[in-house]
Amino acid sequence: MRKYTLSIVILCLILLSGCSRGLSINTPAVEPEAALGNAPSMEASSSNHSDPEADASVKDGNHEGEQTTDSTAKNMPLLAPAPPKQKPGQKIIYLTFDDGPTMATKDILDTLQNYDAQATFFMLEPKMKESPSMVKRIVTEGHSAGLHGVTHDKYKFYQSPQTSINEMTQAQQTLEKLTGVHSTIIRTPYGSVPFLTDSFRTALDKQGFTLWDWNVDSSDWSNGQYLSTTIHQIQKQISAGIIPIVLMHDKPETAKHLPALLKFLSQNGFMTKTIGSDTQPYSFNCYNRCHPVNPVKKPQMAENEQTPIWKESLTR
């Protein structure tokens with residue numbers, strides 16, 4: 001009887017052990033992927049900016065909500081405005097032309113007029129003096145007149161914040177004298193990166209100037225086959241919900257291909273608009289890429305002599 005009772009107890013223990021194992025086996029295991037399912041992927045959390053400088057904000061530690069001390073805040077670079085966003089149902093585009101007026105400006109204006117398109121011209125002060133009638137036509141036909149400085153020489157324009165202010169002020173005064181327009185929108189020579197450091201940006205801003213760069217580089221200055229590249233970049237910006245800002249130049253090759261570009265824009269529902277003082281600006285971020293221009297050291301010449309002083313001293 002005792003053996004029988006003991007056998008029953010052992011059998012019950014075996015059954016209880018099997019039940020507990022069965023419960024643990026039937027409990028679904030949490031897969032590693034499922035555990036991370038609610039966490040944003042690296043791709044989803046990365047910045048959706050077309051401008052490569054924008055992605056550097058993560059490297060600089062400029063995270064939203066992150067606390068910074070006074071010392072680190074002083075060392076942080078100035079952040080440029082974000083690219084202007086498209087409004088739902090719109091396809092706005094800004095066409096910009098640099099370095100004019102030139103002999104090509106008339107053809108560019110004629111083409112813009114044929115397609116009822118608007119543009120912004122960032123002009124050099126000496127060129128405005130050479131072609132005052134073109135400057136007046138730009139304004140009369142509803143385009144925007146911007147400033148591009150005087151020399152277009154990086155060693156002169158970026159010599160100091162004051163030299164950059166002087167050049168833009170001189171261009172501003174000439175434009176106003178010719179047209180009556182007091183423009184405050186500027187584009188610095190070669191764009192704001194890499195030579196327009198924070199001290200320059202602050203100084204120009206205090207003088208009331210608004211800085212403009214671009215997010216579509218036509219590269220019309222380097223080759224004649226820029227049309228397909230430009231269209232590809234425009235489509236990329238539109239896909240990202242950003243207003244394209246197209247960099248072009250007042251040159252014959254640009255004027256030659258401009259009708260094809262405007263035809264594409266017209267057929268695809270784009271609306272060209274001008275840049276004004278009240279338009280949301282866009283410029284490149286410096287981060288760690290901006291630096292002063294290294295001055296060119298030219299050999300000093302002895303008075304009334306053709307031999308540089310440093311060479312002359314070697315012969316003595």
# chains A, B, ... in the order shown; residues from 1 in each chain; ligands from 1

$ select_by_dssp --residues "region 158-283 of chain A" --states "strand (DSSP E or B)" --output "VMD selection string"
chain A and resid 185 to 186 210 to 211 216 to 217 242 245 to 249 271 to 272

$ write_last_selection --atoms "C-alpha atoms" --output "mmCIF file, in the first residue's frame"
data_model
loop_
_atom_site.group_PDB
_atom_site.id
_atom_site.type_symbol
_atom_site.label_atom_id
_atom_site.label_comp_id
_atom_site.auth_asym_id
_atom_site.auth_seq_id
_atom_site.Cartn_x
_atom_site.Cartn_y
_atom_site.Cartn_z
ATOM 1 C CA ILE A 185 19.137 90.626 -51.014
ATOM 2 C CA ILE A 186 22.708 89.532 -51.682
ATOM 3 C CA THR A 210 19.784 89.009 -46.534
ATOM 4 C CA LEU A 211 22.057 86.210 -47.746
ATOM 5 C CA VAL A 216 20.330 73.556 -57.561
ATOM 6 C CA ASP A 217 23.670 74.192 -59.263
ATOM 7 C CA ILE A 242 11.628 71.911 -51.054
ATOM 8 C CA ILE A 245 16.650 77.729 -56.038
ATOM 9 C CA VAL A 246 18.524 77.458 -59.330
ATOM 10 C CA LEU A 247 21.966 79.000 -59.783
ATOM 11 C CA MET A 248 22.670 80.210 -63.325
ATOM 12 C CA HIS A 249 24.843 82.913 -64.851
ATOM 13 C CA MET A 271 5.452 78.628 -61.060
ATOM 14 C CA THR A 272 8.504 80.891 -61.277
#

$ select_by_dssp --residues "region 127-215 of chain A" --states "helix (DSSP H, G or I)" --output "JSON, numbers by chain"
{"A": [127, 128, 129, 130, 132, 133, 134, 135, 136, 137, 138, 139, 140, 154, 155, 156, 157, 161, 162, 163, 164, 165, 166, 167, 168, 169, 170, 171, 172, 173, 174, 175, 176, 177, 178, 179, 198, 199, 200, 201, 202, 203, 204, 205, 206]}

$ closest_residue --among "A:Ser133, A:Thr197, A:Ser164, A:Ser277" --to "Arg289 (chain A)" --atoms "only C-alpha atoms"
A:Thr197

$ closest_residue --among "A:Ser183, A:Asn215, A:Asn114, A:Thr188" --to "His152 (chain A)" --atoms "only C-alpha atoms"
A:Thr188

$ atom_distance --atom1 "CA of Ser239 (chain A)" --atom2 "CA of Phe97 (chain A)"
23.8 Å

$ residues_around --residues "Asp99 (chain A)" --least-positions-apart "4" --cutoff "9 Å" --atoms "only C-alpha atoms" --output "NGL selection string"
:A and (121-124 or 127 or 148 or 152 or 249-251)

$ closest_residue --among "A:Ser131, A:Gln207, A:Thr151, A:Gln159" --to "Leu175 (chain A)" --atoms "only C-alpha atoms"
A:Ser131
